[in-house]
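Trainee: Before I ask anything, here is the structure I am working with.
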Amino acid sequence: MAGTAGPGTGPGAAGGDGDDSLYPIAVLIDELRNEDVQLRLNSIKKLSTIALALGVERTRTELLPFLTDTIYDEDEVLLALAEQLGNFTGLVGGPDFAHCLLPPLESLATVEETVVRDKAVESLRQISQEHTPNALEAHFVPLVKRLASGDWFTSRTSACGLFSVCYPRASDAVRAEIRQHFRSLCSDDTPMVRRAAASKLGEFAKVLELDSVKSEIVPLFTNLASDEQDSVRLLAVEACVSIAQLLSQEDLEALVMPTLRQAAEDKSWRVRYMVADKFSELQKAVGPKITLNDLIPAFQNLLKDCEAEVRAAAAHKVKELCENLPTEGRETIIMSQILPYIKELVSDTNQHVKSALASVIMGLSTILGKENTIEHLLPLFLAQLKDECPEVRLNIISNLDCVNEVIGIRQLSQSLLPAIVELAEDAKWRVRLAIIEYMPLLAGQLALSEACGQEITTKHMLPVVLKMAGDQVANVRFNVAKSLQKIGPVLNTDALREEVKPVLQKLGQDEDVDVKYFAQEAISVVAQRLRKPDFPAKDSEEPSAPGADKNHFLRARGPEEDPGKVQRERAARAASEEAVEVARFRGTDVAKGPAYQLHVNPRDTLAQLEIADLVHFSQSRD
């Protein structure tokens with residue numbers, strides 16, 4: 001395939017009739033051997049175009065051998081090639097010829113770069129499904145055997161990912177060979193190969209017969225879980241989840257649990273971390289009985305592990321563990337066997353542990369109920385709200401809705417709201433920002449604006465927001481404006497005029513463009529709240545009978561009658577009044593012209609109102 005025209009192609013090689021249609025393809029093929037890596041990469045990404053132009057036969061006999069012979073290239077080129085070949089079955093003639101794609105992918109599965117090998121294995125797994133059973137045993141299984149017995153560890157690691165896709169469709173005799181090869185890889189001299197085998201152990205177990213799982217997979221799991229390399233042992237923990245799902249409770253207790261107990265107490269913190277990280281999955285796999293007898297004691301040890309990373313991983317799983325416990329007796333188990341350890345973590349020396357706990361602890365309130373939450377959890381929440389680590393405080397603030405659902409507005413406002421108010425003066429600006437950002441959320445979570453009413457909102461919430469208007473951080477200031485816009489409708493007009501108005505006017509002249517923008521948005525909304533509509537209850541020109549206004553547009557019209565005229569005039573007058581009110585609110589003189597003038601064009605307003613009239617009329621007719 002050397003040369004500018006590629007293998008047997010040239011500017012006129014389309015059948016001897018002088019057709020130049022294949023010339024661009026010849027250029028692409030030539031680029032595959034270009035010294036410029038980017039050109040080679042571009043050409044690889046267009047392989048499907050080349051294959052379509054060459055046809056299935058020439059793709060099989062010329063293009064694929066060329067690709068196989070030129071496997072040695074830059075990693076990014078090989079990665080693109082491995083990905084392209086996974087979708088090439090149709091371009092080589094369909095499933096009957098899928099085996100033609102195996103040689104280049106086999107070569108790619110042996111290269112040194114891990115990502116290239118992984119992509120080649122992914123493409124091989126995809127192509128294996130397109131083989132007929134006969135072709136699978138004739139072509140694909142021999143490839144797996146070659147990789148599994150290769151001299152280089154790279155080929156043996158790639159083989160580990162291929163056993164599970166060819167085993168289900170193989171004959172009994174071939175299945176026995178496949179299992180034997182997998183057993184050999186699980187005891188390979190190279191740790192990287194044992195790691196690859198351990199990572200695929202659970203996947204392989206799922207496609208095996210139950211007898212083979214108990215007689216072959218479980219012993220392999222036990223050996224890998226006690227491997228000298230902790231990187232192998234931790235992957236065996238992950239496989240435990242899949243294996244446990246396949247066994248009965250009796251077999252599980254006898255065959256798997258001793259190894260899992262050992263892993264939970266492993267000398268390597270990385271193995272214990274994996275147990276903590278996979279705890280919820282393990283809990284579901286082994287069932288409630290084993291969970292109560294074995295996993296909860298193991299979880300207690302993980303919560304007080306000497307390594308902070310392990311404690312943090314276990315803390316993240318507290319809520320899931322409690323949710324997955326049997327409903328009957330769950331409250332008692334949590335209160336007696338989990339909560340004492342949680343209380344210790346609240347004052348842990350490591351901030352990551354405390355932060356992990358703070359992100360989930362609020363969820364326990366819905367599980368434990370109102371009384372337990374008030375008596376046992378609220379003190380923990382208060383302690384976390386005052387924690388020296390800002391992330392702990394933020395995690396508690398962001399999950400308040402979980403507690404509100406359980407204990408209600410009154411208890412929450414009495415217990416947690418004062419602590420939240422204190423955070424508005426926090427030394428960390430991100431905490432202050434979070435408080436002001438969460439103020440509208442808190443109002444929703446506590447139903448504060450409705451349940452507390454004007455008095456409490458004005459007395460307790462408003463001062464917190466107003467005080468932060470002078471914060472040195474612009475993000476805090478513009479969130480003050482947004483919060484004032486949200487709570488403005490709840491406040492009385494005196495508070496709006498005397499307290500909110502001056503603050504928004506000042507923010508409206510802020511040097512930060514975002515602060516200025518959100519202040520102007522708030523000014524428009526609050527000004528509308530201040531405006532007192534003076535529409536008469538009824539107009540002398542309108543009929544006063546009940547229901548007359550509702551059917552106004554259905555009345556027959558006289559030649560000089562314009563039934564929407566009065567409404568349009570009213571609305572235009574209201575729009576003008578609103579513009580004046582906004583201008584006054586912004587502290588400007590209409591005669592002089594404000595800095596941010598709201599221009600109202602009566603003609604435009606009337607035109608919009610006429611459109612609204614038509615819409616109203618069409619809806620009334622429908």
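Please note that chains go A, B, ... in the order of the structure tokens, that every chain numbers its residues from 1, and that ligands are numbered from 1 in the order shown.
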Write out as a JSON list (two decimals) with N, CA, C and O atoms, in the first residue's frame each polymer residue whose atoms come within 10 Å of region 291-294 of chain A, counting only C-alpha atoms; drop sequence neighbours fewer than 2 positions from it.

Mentor:
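Contents of result_34.json, as written:
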```
[["chain", "number", "residue", "atom", "x", "y", "z"],
["A", 253, "GLU", "N", -22.80, -17.67, 53.52],
["A", 253, "GLU", "CA", -22.23, -17.66, 54.87],
["A", 253, "GLU", "C", -21.00, -18.55, 54.96],
["A", 253, "GLU", "O", -20.00, -18.19, 55.60],
["A", 257, "MET", "N", -18.41, -15.15, 53.33],
["A", 257, "MET", "CA", -18.33, -14.23, 54.47],
["A", 257, "MET", "C", -16.99, -14.27, 55.21],
["A", 257, "MET", "O", -16.52, -13.22, 55.66],
["A", 258, "PRO", "N", -16.38, -15.43, 55.40],
["A", 258, "PRO", "CA", -15.07, -15.40, 56.07],
["A", 258, "PRO", "C", -14.07, -14.49, 55.34],
["A", 258, "PRO", "O", -13.31, -13.75, 55.98],
["A", 260, "LEU", "N", -14.84, -11.94, 53.34],
["A", 260, "LEU", "CA", -15.28, -10.55, 53.43],
["A", 260, "LEU", "C", -14.97, -9.96, 54.80],
["A", 260, "LEU", "O", -14.56, -8.80, 54.91],
["A", 261, "ARG", "N", -15.15, -10.75, 55.85],
["A", 261, "ARG", "CA", -14.79, -10.27, 57.20],
["A", 261, "ARG", "C", -13.30, -9.94, 57.26],
["A", 261, "ARG", "O", -12.89, -8.95, 57.87],
["A", 282, "LEU", "N", -22.71, -4.29, 48.94],
["A", 282, "LEU", "CA", -22.51, -5.53, 49.69],
["A", 282, "LEU", "C", -23.72, -5.84, 50.56],
["A", 282, "LEU", "O", -24.17, -6.99, 50.66],
["A", 283, "GLN", "N", -24.26, -4.79, 51.17],
["A", 283, "GLN", "CA", -25.41, -4.96, 52.06],
["A", 283, "GLN", "C", -26.60, -5.54, 51.31],
["A", 283, "GLN", "O", -27.28, -6.46, 51.78],
["A", 284, "LYS", "N", -26.86, -5.03, 50.11],
["A", 284, "LYS", "CA", -27.97, -5.54, 49.31],
["A", 284, "LYS", "C", -27.70, -6.96, 48.82],
["A", 284, "LYS", "O", -28.62, -7.77, 48.71],
["A", 285, "ALA", "N", -26.43, -7.26, 48.55],
["A", 285, "ALA", "CA", -26.09, -8.58, 47.99],
["A", 285, "ALA", "C", -26.20, -9.69, 49.03],
["A", 285, "ALA", "O", -26.65, -10.79, 48.73],
["A", 286, "VAL", "N", -25.81, -9.41, 50.27],
["A", 286, "VAL", "CA", -25.78, -10.48, 51.29],
["A", 286, "VAL", "C", -27.12, -10.63, 52.01],
["A", 286, "VAL", "O", -27.37, -11.65, 52.64],
["A", 287, "GLY", "N", -27.98, -9.61, 51.95],
["A", 287, "GLY", "CA", -29.28, -9.73, 52.59],
["A", 287, "GLY", "C", -29.31, -9.23, 54.02],
["A", 287, "GLY", "O", -28.26, -8.98, 54.64],
["A", 288, "PRO", "N", -30.52, -9.09, 54.59],
["A", 288, "PRO", "CA", -30.68, -8.46, 55.92],
["A", 288, "PRO", "C", -30.08, -9.27, 57.07],
["A", 288, "PRO", "O", -29.53, -8.69, 58.01],
["A", 289, "LYS", "N", -30.19, -10.58, 57.01],
["A", 289, "LYS", "CA", -29.71, -11.40, 58.13],
["A", 289, "LYS", "C", -28.20, -11.26, 58.32],
["A", 289, "LYS", "O", -27.71, -11.00, 59.43],
["A", 296, "ILE", "N", -22.97, -4.89, 60.09],
["A", 296, "ILE", "CA", -23.07, -3.75, 61.01],
["A", 296, "ILE", "C", -21.86, -3.68, 61.94],
["A", 296, "ILE", "O", -21.29, -2.59, 62.13],
["A", 297, "PRO", "N", -21.42, -4.79, 62.56],
["A", 297, "PRO", "CA", -20.18, -4.71, 63.34],
["A", 297, "PRO", "C", -18.99, -4.26, 62.50],
["A", 297, "PRO", "O", -18.15, -3.49, 62.98],
["A", 298, "ALA", "N", -18.92, -4.74, 61.25],
["A", 298, "ALA", "CA", -17.83, -4.31, 60.38],
["A", 298, "ALA", "C", -17.93, -2.81, 60.09],
["A", 298, "ALA", "O", -16.92, -2.09, 60.05],
["A", 299, "PHE", "N", -19.16, -2.33, 59.89],
["A", 299, "PHE", "CA", -19.37, -0.90, 59.61],
["A", 299, "PHE", "C", -18.98, -0.04, 60.80],
["A", 299, "PHE", "O", -18.42, 1.05, 60.64],
["A", 321, "LEU", "N", -26.93, 2.96, 54.31],
["A", 321, "LEU", "CA", -26.97, 1.80, 55.20],
["A", 321, "LEU", "C", -28.27, 1.77, 55.99],
["A", 321, "LEU", "O", -28.95, 0.74, 56.08],
["A", 324, "ASN", "N", -31.39, 0.97, 53.90],
["A", 324, "ASN", "CA", -31.47, -0.41, 53.42],
["A", 324, "ASN", "C", -31.72, -1.42, 54.52],
["A", 324, "ASN", "O", -31.88, -2.61, 54.24],
["A", 325, "LEU", "N", -31.74, -0.97, 55.77],
["A", 325, "LEU", "CA", -32.04, -1.88, 56.87],
["A", 325, "LEU", "C", -33.51, -2.30, 56.82],
["A", 325, "LEU", "O", -34.36, -1.54, 56.33],
["A", 326, "PRO", "N", -33.84, -3.49, 57.32],
["A", 326, "PRO", "CA", -35.26, -3.90, 57.38],
["A", 326, "PRO", "C", -36.08, -2.90, 58.17],
["A", 326, "PRO", "O", -35.63, -2.41, 59.21],
["A", 333, "ILE", "N", -32.08, -0.35, 65.79],
["A", 333, "ILE", "CA", -30.72, -0.66, 65.35],
["A", 333, "ILE", "C", -29.90, 0.61, 65.15],
["A", 333, "ILE", "O", -28.75, 0.71, 65.59]]
```

Trainee: Would you kindly return, as a ChimeraX atom specification, each protein, DNA or RNA residue with an atom no farther than 12 Å from any atom of Leu67 (chain A), considering only C-alpha atoms and excluding same-chain residues fewer than 3 positions away?

Mentor: /A:1-2,7,29,32-33,40,43-44,47,51,59-64,70-73,77-78,81-82,84-85,100-108

Trainee: Name the residues in contact with Gln126 (chain A) at a cut-off of 12 Å, using only C-alpha atoms, excluding same-chain residues fewer than 3 positions from it; report them as a ChimeraX atom specification.

Mentor: /A:82-89,95,98,101-102,105,119-123,129-131,140,161-162,165-166

Trainee: Go ahead and dump the residues you just picked, N, CA and C atoms, as an mmCIF file, in the first residue's frame.

Mentor:
```
data_model
loop_
_atom_site.group_PDB
_atom_site.id
_atom_site.type_symbol
_atom_site.label_atom_id
_atom_site.label_comp_id
_atom_site.auth_asym_id
_atom_site.auth_seq_id
_atom_site.Cartn_x
_atom_site.Cartn_y
_atom_site.Cartn_z
ATOM 1 N N ALA A 82 -8.323 1.629 17.011
ATOM 2 C CA ALA A 82 -9.031 0.621 17.804
ATOM 3 C C ALA A 82 -10.515 0.942 17.907
ATOM 4 N N GLU A 83 -10.835 2.210 18.028
ATOM 5 C CA GLU A 83 -12.242 2.612 18.125
ATOM 6 C C GLU A 83 -12.969 2.426 16.795
ATOM 7 N N GLN A 84 -12.307 2.776 15.693
ATOM 8 C CA GLN A 84 -12.923 2.668 14.368
ATOM 9 C C GLN A 84 -13.225 1.211 14.013
ATOM 10 N N LEU A 85 -12.311 0.318 14.320
ATOM 11 C CA LEU A 85 -12.475 -1.077 13.919
ATOM 12 C C LEU A 85 -13.640 -1.759 14.633
ATOM 13 N N GLY A 86 -14.040 -1.258 15.757
ATOM 14 C CA GLY A 86 -15.176 -1.848 16.463
ATOM 15 C C GLY A 86 -16.482 -1.709 15.707
ATOM 16 N N ASN A 87 -16.544 -0.759 14.774
ATOM 17 C CA ASN A 87 -17.770 -0.530 13.989
ATOM 18 C C ASN A 87 -17.594 -0.910 12.517
ATOM 19 N N PHE A 88 -16.675 -1.812 12.260
ATOM 20 C CA PHE A 88 -16.293 -2.096 10.877
ATOM 21 C C PHE A 88 -16.947 -3.346 10.288
ATOM 22 N N THR A 89 -17.745 -4.060 11.064
ATOM 23 C CA THR A 89 -18.284 -5.336 10.588
ATOM 24 C C THR A 89 -19.048 -5.187 9.276
ATOM 25 N N PRO A 95 -21.490 -10.174 9.380
ATOM 26 C CA PRO A 95 -21.056 -11.144 10.402
ATOM 27 C C PRO A 95 -20.223 -12.304 9.859
ATOM 28 N N ALA A 98 -16.715 -11.079 9.971
ATOM 29 C CA ALA A 98 -16.282 -10.302 11.141
ATOM 30 C C ALA A 98 -14.906 -10.739 11.624
ATOM 31 N N LEU A 101 -11.576 -8.786 11.106
ATOM 32 C CA LEU A 101 -11.189 -7.641 11.929
ATOM 33 C C LEU A 101 -10.332 -8.045 13.123
ATOM 34 N N LEU A 102 -10.230 -9.343 13.381
ATOM 35 C CA LEU A 102 -9.526 -9.788 14.585
ATOM 36 C C LEU A 102 -8.009 -9.548 14.543
ATOM 37 N N LEU A 105 -6.995 -5.940 15.596
ATOM 38 C CA LEU A 105 -7.399 -5.695 16.985
ATOM 39 C C LEU A 105 -6.571 -6.530 17.955
ATOM 40 N N LYS A 119 -9.347 0.004 24.696
ATOM 41 C CA LYS A 119 -10.245 0.296 23.575
ATOM 42 C C LYS A 119 -10.285 -0.874 22.589
ATOM 43 N N ALA A 120 -9.153 -1.534 22.393
ATOM 44 C CA ALA A 120 -9.125 -2.699 21.514
ATOM 45 C C ALA A 120 -9.974 -3.832 22.091
ATOM 46 N N VAL A 121 -9.884 -4.037 23.416
ATOM 47 C CA VAL A 121 -10.702 -5.063 24.075
ATOM 48 C C VAL A 121 -12.180 -4.711 23.965
ATOM 49 N N GLU A 122 -12.492 -3.448 24.114
ATOM 50 C CA GLU A 122 -13.894 -3.010 23.980
ATOM 51 C C GLU A 122 -14.427 -3.308 22.579
ATOM 52 N N SER A 123 -13.622 -3.040 21.561
ATOM 53 C CA SER A 123 -14.036 -3.323 20.188
ATOM 54 C C SER A 123 -14.144 -4.832 19.942
ATOM 55 N N GLN A 129 -19.984 -10.368 19.571
ATOM 56 C CA GLN A 129 -21.428 -10.581 19.494
ATOM 57 C C GLN A 129 -21.914 -10.748 18.059
ATOM 58 N N GLU A 130 -21.101 -10.342 17.111
ATOM 59 C CA GLU A 130 -21.483 -10.427 15.700
ATOM 60 C C GLU A 130 -20.984 -11.708 15.033
ATOM 61 N N HIS A 131 -20.239 -12.518 15.777
ATOM 62 C CA HIS A 131 -19.791 -13.820 15.257
ATOM 63 C C HIS A 131 -20.899 -14.862 15.406
ATOM 64 N N PHE A 140 -12.650 -16.576 17.220
ATOM 65 C CA PHE A 140 -12.542 -15.680 18.379
ATOM 66 C C PHE A 140 -11.902 -16.381 19.579
ATOM 67 N N GLY A 161 -10.503 -9.592 29.830
ATOM 68 C CA GLY A 161 -11.772 -8.946 29.520
ATOM 69 C C GLY A 161 -12.576 -9.614 28.435
ATOM 70 N N LEU A 162 -12.085 -10.728 27.897
ATOM 71 C CA LEU A 162 -12.750 -11.379 26.765
ATOM 72 C C LEU A 162 -13.410 -12.707 27.113
ATOM 73 N N VAL A 165 -17.440 -12.791 27.344
ATOM 74 C CA VAL A 165 -18.262 -12.583 26.148
ATOM 75 C C VAL A 165 -18.281 -13.799 25.233
ATOM 76 N N CYS A 166 -17.272 -14.683 25.347
ATOM 77 C CA CYS A 166 -17.265 -15.861 24.474
ATOM 78 C C CYS A 166 -17.749 -17.124 25.200
#
```

Trainee: One decimal, Å: what's the distance from CA of Glu323 (chain A) over to CA of Leu364 (chain A), could you say?

Mentor: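 We find that CA of Glu323 (chain A) and CA of Leu364 (chain A) lie 8.5 Å from each other.
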
Trainee: Given only C-alpha atoms as the basis, pick out the residue of A:Phe279, A:Val421, A:Val431, A:Ala176 nearest to Val465 (chain A).

Mentor: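 Answer, going by the shortest atom-to-atom distance: A:Val421.
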
Trainee: Name the residues of region 299-496 of chain A that come out as helix (DSSP H, G or I) in a backbone DSSP run; write them as a PyMOL selection string.

Mentor: chain A and resi 299-303+308-316+318-324+330-346+351-358+361-385+390-397+400-415+417-423+429-445+448-451+453-470+474-490+493-496

Trainee: What's around Phe221 (chain A) at 10 Å? Count only C-alpha atoms, leave out sequence neighbours fewer than 6 positions away in its own chain, and write the answer as a list in words.

Mentor: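 The neighbour list is Cys186, Ala198, Leu201, Gly202, Asp227, Arg233, Leu235, Ala236, Val237, Ala239, Cys240, Ile243, Leu255, Val256 and Thr259 of chain A.
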
Trainee: Could you tell me how far CA of Leu220 (chain A) lies from CA of Asp118 (chain A), in Å and to one decimal?

Mentor: 23.5 Å

Trainee: Using only C-alpha atoms, which of A:Arg169, A:Lys482, A:Arg156, A:Arg58 sits nearest Thr190 (chain A)?

Mentor: A:Arg156

Trainee: To one decimal place, how far is CA of Leu378 (chain A) from CA of Ala427 (chain A) in Å?

Mentor: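 Separation of CA of Leu378 (chain A) and CA of Ala427 (chain A): 23.9 Å.
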
Trainee: I need the residue nearest Arg311 (chain A) from this list: A:Glu250, A:Val403, A:Ala356, A:Ala225. Use only C-alpha atoms for the distance.

Mentor: A:Ala356

Trainee: Find the residues near Ile397 (chain A): any atom within 12 Å, counting only C-alpha atoms, skip ones fewer than 3 places away on the same chain, and give them as a compact mmCIF listing (two decimals) with N, CA, C and O atoms, in the first residue's frame.

Mentor:
```
# COMPACT_ATOMS: atom_id res chain seq x y z
N SER A 355 -17.11 16.60 56.85
CA SER A 355 -17.84 17.07 55.67
C SER A 355 -18.66 15.95 55.04
O SER A 355 -19.80 16.16 54.62
N ALA A 358 -21.66 15.39 57.20
CA ALA A 358 -22.62 16.50 57.10
C ALA A 358 -23.44 16.43 55.82
O ALA A 358 -24.58 16.92 55.78
N SER A 359 -22.90 15.82 54.78
CA SER A 359 -23.63 15.74 53.51
C SER A 359 -24.78 14.72 53.54
O SER A 359 -25.64 14.75 52.67
N VAL A 360 -24.79 13.82 54.54
CA VAL A 360 -25.82 12.78 54.57
C VAL A 360 -26.60 12.72 55.88
O VAL A 360 -27.69 12.14 55.91
N ILE A 361 -26.09 13.30 56.94
CA ILE A 361 -26.69 13.10 58.26
C ILE A 361 -28.10 13.66 58.35
O ILE A 361 -28.95 13.11 59.06
N MET A 362 -28.39 14.74 57.60
CA MET A 362 -29.73 15.31 57.66
C MET A 362 -30.79 14.33 57.18
O MET A 362 -31.94 14.37 57.60
N PHE A 381 -26.74 18.69 64.52
CA PHE A 381 -26.84 19.68 63.45
C PHE A 381 -26.29 21.03 63.92
O PHE A 381 -25.57 21.71 63.18
N LEU A 382 -26.66 21.42 65.14
CA LEU A 382 -26.21 22.71 65.67
C LEU A 382 -24.68 22.73 65.81
O LEU A 382 -24.04 23.74 65.51
N GLN A 384 -22.60 21.04 64.01
CA GLN A 384 -22.01 21.09 62.67
C GLN A 384 -22.17 22.47 62.04
O GLN A 384 -21.32 22.90 61.26
N LEU A 385 -23.25 23.16 62.38
CA LEU A 385 -23.43 24.52 61.86
C LEU A 385 -22.38 25.48 62.42
O LEU A 385 -22.11 26.53 61.83
N LYS A 386 -21.79 25.12 63.54
CA LYS A 386 -20.77 25.96 64.16
C LYS A 386 -19.37 25.38 63.97
O LYS A 386 -18.41 25.86 64.58
N PRO A 390 -15.67 25.26 56.86
CA PRO A 390 -16.79 25.86 56.12
C PRO A 390 -17.61 24.86 55.32
O PRO A 390 -18.81 25.01 55.18
N GLU A 391 -16.96 23.83 54.79
CA GLU A 391 -17.69 22.86 53.99
C GLU A 391 -18.70 22.07 54.82
O GLU A 391 -19.76 21.70 54.34
N VAL A 392 -18.36 21.83 56.07
CA VAL A 392 -19.30 21.17 56.98
C VAL A 392 -20.53 22.03 57.15
O VAL A 392 -21.67 21.55 57.06
N ARG A 393 -20.32 23.31 57.39
CA ARG A 393 -21.45 24.22 57.59
C ARG A 393 -22.31 24.32 56.33
O ARG A 393 -23.54 24.31 56.40
N LEU A 394 -21.65 24.38 55.17
CA LEU A 394 -22.39 24.48 53.92
C LEU A 394 -23.22 23.23 53.65
O LEU A 394 -24.36 23.32 53.18
N LEU A 400 -31.26 21.33 54.66
CA LEU A 400 -32.24 21.64 55.71
C LEU A 400 -33.64 21.14 55.39
O LEU A 400 -34.44 20.89 56.29
N ASP A 401 -33.95 21.00 54.10
CA ASP A 401 -35.30 20.59 53.74
C ASP A 401 -35.65 19.21 54.29
O ASP A 401 -36.81 18.92 54.59
N CYS A 402 -34.62 18.34 54.43
CA CYS A 402 -34.88 17.00 54.99
C CYS A 402 -35.42 17.09 56.41
O CYS A 402 -36.32 16.35 56.80
N VAL A 403 -34.88 18.01 57.19
CA VAL A 403 -35.29 18.15 58.59
C VAL A 403 -36.64 18.83 58.69
O VAL A 403 -37.48 18.46 59.52
N ASN A 404 -36.87 19.83 57.84
CA ASN A 404 -38.12 20.56 57.90
C ASN A 404 -39.32 19.65 57.69
O ASN A 404 -40.38 19.83 58.30
N LEU A 416 -32.60 25.95 64.70
CA LEU A 416 -31.54 26.11 63.72
C LEU A 416 -31.44 27.52 63.14
O LEU A 416 -30.37 27.95 62.74
N LEU A 417 -32.56 28.24 63.07
CA LEU A 417 -32.53 29.54 62.41
C LEU A 417 -31.56 30.52 63.07
O LEU A 417 -30.82 31.21 62.36
N ALA A 419 -28.77 29.90 64.53
CA ALA A 419 -27.41 29.51 64.12
C ALA A 419 -27.14 29.88 62.68
O ALA A 419 -26.03 30.27 62.31
N ILE A 420 -28.16 29.77 61.84
CA ILE A 420 -28.01 30.14 60.42
C ILE A 420 -27.78 31.64 60.30
O ILE A 420 -26.97 32.11 59.50
N VAL A 421 -28.51 32.41 61.12
CA VAL A 421 -28.35 33.87 61.09
C VAL A 421 -26.92 34.25 61.46
O VAL A 421 -26.31 35.16 60.88
N LEU A 423 -24.28 32.66 60.79
CA LEU A 423 -23.38 32.37 59.67
C LEU A 423 -23.34 33.51 58.66
O LEU A 423 -22.45 33.55 57.81
N ALA A 424 -24.29 34.41 58.73
CA ALA A 424 -24.28 35.56 57.82
C ALA A 424 -23.06 36.46 58.07
O ALA A 424 -22.70 37.27 57.23
N VAL A 431 -19.16 31.04 52.76
CA VAL A 431 -20.25 30.71 53.68
C VAL A 431 -21.28 31.83 53.67
O VAL A 431 -22.49 31.58 53.62
N ARG A 432 -20.80 33.08 53.71
CA ARG A 432 -21.73 34.20 53.65
C ARG A 432 -22.52 34.17 52.34
O ARG A 432 -23.72 34.42 52.31
N LEU A 433 -21.82 33.86 51.26
CA LEU A 433 -22.48 33.76 49.96
C LEU A 433 -23.53 32.65 49.97
O LEU A 433 -24.64 32.82 49.48
N ALA A 434 -23.18 31.52 50.57
CA ALA A 434 -24.13 30.41 50.62
C ALA A 434 -25.37 30.78 51.41
O ALA A 434 -26.50 30.44 51.03
N ILE A 435 -25.18 31.50 52.51
CA ILE A 435 -26.32 31.91 53.33
C ILE A 435 -27.26 32.80 52.52
O ILE A 435 -28.48 32.60 52.51
N ILE A 436 -26.69 33.77 51.83
CA ILE A 436 -27.54 34.68 51.08
C ILE A 436 -28.16 33.98 49.87
O ILE A 436 -29.29 34.27 49.48
N GLU A 437 -27.43 33.04 49.29
CA GLU A 437 -28.00 32.27 48.17
C GLU A 437 -29.12 31.37 48.65
O GLU A 437 -30.10 31.14 47.94
N TYR A 438 -28.96 30.84 49.85
CA TYR A 438 -29.96 29.90 50.37
C TYR A 438 -31.12 30.61 51.05
O TYR A 438 -32.07 29.96 51.46
N MET A 439 -31.05 31.95 51.19
CA MET A 439 -32.13 32.64 51.87
C MET A 439 -33.49 32.42 51.19
O MET A 439 -34.47 32.08 51.84
N LEU A 441 -34.16 29.88 49.30
CA LEU A 441 -34.42 28.46 49.48
C LEU A 441 -34.91 28.17 50.89
O LEU A 441 -35.85 27.40 51.09
N LEU A 442 -34.27 28.82 51.87
CA LEU A 442 -34.71 28.63 53.24
C LEU A 442 -36.14 29.11 53.43
O LEU A 442 -36.93 28.50 54.15
N GLN A 445 -38.09 26.31 52.13
CA GLN A 445 -38.00 25.13 52.99
C GLN A 445 -38.75 25.35 54.30
O GLN A 445 -39.35 24.45 54.85
```
